[in-house]
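J.: The structure's right below; bear with me while I get my questions together.
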Amino acid sequence: MTVVGLGADGLAGLADTARAALRTAEVIIGGRRQLDLLPPADAPEGCPGERVPWPSPLRPAVPRLLAAHRDRRIAVMASGDPMHFGIGRALVEELGVGGVRVLPHPSSISLACARLGWPVEDTEVVTLVGRPLASLTAALHPGRRVLVLSAGADTPARVVELLRDRGFGSTRVRLLEQLGGPGERLLDDPDGTPAAEWDEPPGDPLNVVALECRRDPDAPGPRLGLVPGLPDEAYEHDGQLTKRYVRAVTLAALAPAPGELLWDIGGGAGSVAVEWLRAHPACRAVTVERDPGRAARIARNAETLGVPRLRVVTGTAPGALAGLPTPDAIFIGGGLTASGLLDACWRALPPGGRLVANTVTLESEALLAERRRRHGGELIRLQLGRARPVGGFTGWTQAMPVTQWSVT
């Protein structure tokens, strides 16, 4: 199989190798827009292969489609660089790296950075193709440059609305359409238009939105940094929340890494799972919460803080853990004394998996001490004091101590 990347300039922008792959293919698979670019079979450089449009939804259909044509020479038409948010990934997963030859075209990211004069390595990319708009939130930081891959003509307006809602109405916005094609268009203002003033009507569906992020001086809510320990007021909660400084210590003990999966048991407000996901775009998390109201609140927090991919399971552990994918780390923030919970979590972890449990009660503390004797690990106590007015002076108010057990 050969995967041919195309730009908005269509076949005119292809190298000879890519043209030859399309001419000699017995089956050509692609989107309808791409297939319509092919010359007729009887043209001088015609493509006589059978033309097969991708079905929808695409990803589940890939194995079936490949199996139906496995004995034929296949060419797949893809947009830009097929290995950058493209179909190339799915095809390599199905056929292996030796079964796919990829002929990339300059991606819309490379073309956009070339037009804007932005270094590619300093530019963050967020795709909204098949992904929630809220995914963009986690990339919004003052001074950062972000390119948004649009899902259609209405995406720029939706992006601008989110910027306004999140206190980034000062962000400079530029729209780039049909990059690399004869209909290429860039909005004229080289400095961009503030999101708060954006009023452009929907244009071409093939577009990229360029953002130079600026936070409004009067933006609502706290400023959100990259490291764990977001301000407590960043979350909607009913008091069941792992507090900011304890949360920072907890995430340090959990040690998220790209691609790893967390089970957050007794989610409360979902803060630990949310900040695990914010650590890296490839991190994954499932939170288990028995109270439906809190479960709904967790989902809202995840969307507000830019990680709508958080999976929320409403149920009581350990029963609700059945069937979940194997975790790399588990956090138990509530329900430690539930019968069989600790044993179920220990059995679920693979070699090298991490378990972190927090408690404020003597009963649960005794349970953690016993497990430490059995399995090892580290047992610590976190004590936090806050300065508060005491008459005309200032004194310390102590929060309840938190006992934490962490073990590998």
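As shown in the structure tokens, the chain order sets the letters A, B, ...; within each chain, residues go from 1, and ligands are also counted from 1 in the order they appear.
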Can you pull out every residue from range 3-234 of chain A that DSSP, working from the backbone, puts in strand (DSSP E), and format the result as a ChimeraX atom specification?
T.: /A:3-6,27-30,50-53,74-79,101-103,123-127,145-149,172-177,185-186,193-194,207-212
J.: I'd like the contact shell of Pro63 in chain A - 12 Å cut-off, only C-alpha atoms, skipping same-chain residues fewer than 2 positions apart - returned as a list in words.
T.: Pro55, Leu58, Arg59, Pro60, Ala61, Leu65, Leu66, Ala67, Ala68, His69, Arg70, Ala90, Leu91, Val92, Glu93, Glu94 and Leu95 of chain A
J.: Please return as a ChimeraX atom specification: the residues of range 3-41 of chain A that backbone DSSP assigns to alpha helix (DSSP H).
T.: /A:16-24,32-35
J.: Do you know which residues are at most 12 Å from Leu342 in chain A counting only C-alpha atoms, after dropping those on the same chain fewer than 4 positions away, and could you put them as a ChimeraX atom specification?
T.: /A:265,317-318,321,330-338,346-349,355-357,364,367-368,370-372,375,405
J.: So that I have them on file, write out the residues from the current selection with N, CA, C and O atoms, as a CSV table (one decimal), in the first residue's frame.
T.:
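Wrote it out as part.csv, contents follow:
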chain,number,residue,atom,x,y,z
A,265,ILE,N,-9.9,6.9,41.9
A,265,ILE,CA,-11.1,6.3,42.6
A,265,ILE,C,-11.6,7.2,43.7
A,265,ILE,O,-10.8,7.6,44.6
A,317,ALA,N,-16.6,1.6,43.8
A,317,ALA,CA,-15.5,0.7,43.7
A,317,ALA,C,-15.5,-0.3,44.9
A,317,ALA,O,-16.0,0.1,46.0
A,318,PRO,N,-15.1,-1.5,44.8
A,318,PRO,CA,-14.3,-2.0,43.7
A,318,PRO,C,-15.2,-2.6,42.5
A,318,PRO,O,-14.6,-2.9,41.5
A,321,LEU,N,-14.8,-1.1,39.0
A,321,LEU,CA,-13.5,-1.3,38.4
A,321,LEU,C,-13.5,-2.4,37.3
A,321,LEU,O,-12.6,-2.4,36.5
A,330,ILE,N,-2.7,4.2,40.1
A,330,ILE,CA,-4.0,4.3,40.8
A,330,ILE,C,-4.0,5.3,41.9
A,330,ILE,O,-3.0,5.3,42.7
A,331,PHE,N,-4.9,6.2,42.0
A,331,PHE,CA,-5.1,7.1,43.1
A,331,PHE,C,-6.4,6.8,43.8
A,331,PHE,O,-7.4,6.7,43.2
A,332,ILE,N,-6.3,6.6,45.1
A,332,ILE,CA,-7.5,6.4,45.9
A,332,ILE,C,-7.7,7.6,46.8
A,332,ILE,O,-6.9,7.8,47.8
A,333,GLY,N,-8.7,8.4,46.5
A,333,GLY,CA,-9.0,9.6,47.3
A,333,GLY,C,-10.1,9.5,48.2
A,333,GLY,O,-10.4,10.4,49.0
A,334,GLY,N,-10.8,8.4,48.1
A,334,GLY,CA,-12.0,8.2,49.0
A,334,GLY,C,-12.4,6.7,49.0
A,334,GLY,O,-12.1,6.0,48.0
A,335,GLY,N,-13.1,6.3,50.1
A,335,GLY,CA,-13.6,4.9,50.1
A,335,GLY,C,-12.6,3.8,50.4
A,335,GLY,O,-12.8,2.7,50.1
A,336,LEU,N,-11.5,4.2,51.1
A,336,LEU,CA,-10.4,3.3,51.4
A,336,LEU,C,-10.9,2.1,52.2
A,336,LEU,O,-10.4,1.0,52.0
A,337,THR,N,-11.9,2.3,53.1
A,337,THR,CA,-12.3,1.2,53.9
A,337,THR,C,-13.3,0.3,53.3
A,337,THR,O,-13.8,-0.7,53.9
A,338,ALA,N,-13.7,0.6,52.0
A,338,ALA,CA,-14.6,-0.3,51.3
A,338,ALA,C,-14.0,-1.7,51.2
A,338,ALA,O,-12.8,-1.9,50.8
A,346,TRP,N,-4.5,-3.4,44.1
A,346,TRP,CA,-3.2,-4.0,44.0
A,346,TRP,C,-3.1,-5.1,42.9
A,346,TRP,O,-2.1,-5.2,42.2
A,347,ARG,N,-4.1,-5.9,42.8
A,347,ARG,CA,-4.2,-6.9,41.8
A,347,ARG,C,-4.2,-6.3,40.4
A,347,ARG,O,-3.7,-6.9,39.4
A,348,ALA,N,-4.8,-5.2,40.2
A,348,ALA,CA,-5.0,-4.5,38.9
A,348,ALA,C,-3.7,-4.0,38.4
A,348,ALA,O,-3.6,-3.8,37.1
A,349,LEU,N,-2.8,-3.6,39.2
A,349,LEU,CA,-1.5,-2.9,38.8
A,349,LEU,C,-0.6,-3.9,38.2
A,349,LEU,O,-0.3,-5.0,38.7
A,355,LEU,N,0.7,3.1,43.2
A,355,LEU,CA,-0.5,3.3,43.9
A,355,LEU,C,-0.3,4.4,44.9
A,355,LEU,O,0.7,4.4,45.7
A,356,VAL,N,-1.2,5.4,45.0
A,356,VAL,CA,-1.1,6.4,46.0
A,356,VAL,C,-2.5,6.6,46.6
A,356,VAL,O,-3.5,6.6,45.9
A,357,ALA,N,-2.5,6.6,47.9
A,357,ALA,CA,-3.8,6.7,48.7
A,357,ALA,C,-3.6,7.8,49.7
A,357,ALA,O,-2.6,7.8,50.4
A,364,SER,N,-8.6,4.7,58.4
A,364,SER,CA,-8.0,4.5,57.1
A,364,SER,C,-6.5,4.5,57.2
A,364,SER,O,-5.7,3.8,56.5
A,367,LEU,N,-5.2,1.3,58.3
A,367,LEU,CA,-5.2,0.4,57.1
A,367,LEU,C,-4.0,0.6,56.2
A,367,LEU,O,-3.4,-0.4,55.8
A,368,LEU,N,-3.6,1.8,56.0
A,368,LEU,CA,-2.5,2.1,55.1
A,368,LEU,C,-1.2,1.7,55.8
A,368,LEU,O,-0.3,1.2,55.1
A,370,GLU,N,-0.9,-0.8,57.8
A,370,GLU,CA,-0.8,-2.3,57.7
A,370,GLU,C,-0.3,-2.7,56.3
A,370,GLU,O,0.5,-3.6,56.1
A,371,ARG,N,-0.8,-2.0,55.2
A,371,ARG,CA,-0.4,-2.3,53.9
A,371,ARG,C,1.0,-2.0,53.6
A,371,ARG,O,1.7,-2.6,52.8
A,372,ARG,N,1.5,-0.9,54.3
A,372,ARG,CA,2.9,-0.6,54.1
A,372,ARG,C,3.8,-1.7,54.7
A,372,ARG,O,4.8,-2.0,54.1
A,375,HIS,N,3.5,-4.5,51.9
A,375,HIS,CA,4.0,-4.2,50.5
A,375,HIS,C,5.2,-3.2,50.5
A,375,HIS,O,5.7,-3.1,49.4
A,405,TRP,N,0.0,7.2,51.5
A,405,TRP,CA,0.9,6.0,51.2
A,405,TRP,C,1.1,5.9,49.7
A,405,TRP,O,0.2,6.0,48.9
J.: Please report the interatomic distance between CA of Ile29 in chain A and CA of Ile74 in chain A in Å with one decimal.
T.: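 CA of Ile74 in chain A lies 7.5 Å from CA of Ile29 in chain A.
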J.: Would you please work out which residue, of A:Arg174, A:Arg23, A:Arg64, A:Arg373, is nearest to Pro156 in chain A when using only C-alpha atoms?
T.: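 Smallest distance to Pro156 in chain A is found for A:Arg174.
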J.: So which residues touch range 381-385 of chain A within 6 Å, counting only C-alpha atoms, skipping near sequence neighbours fewer than 3 positions away, as a list in words?
T.: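 Close residues of range 381-385 of chain A: Trp396, Thr397, Gln398, Ala399, Pro401, Val402 and Thr403 of chain A.
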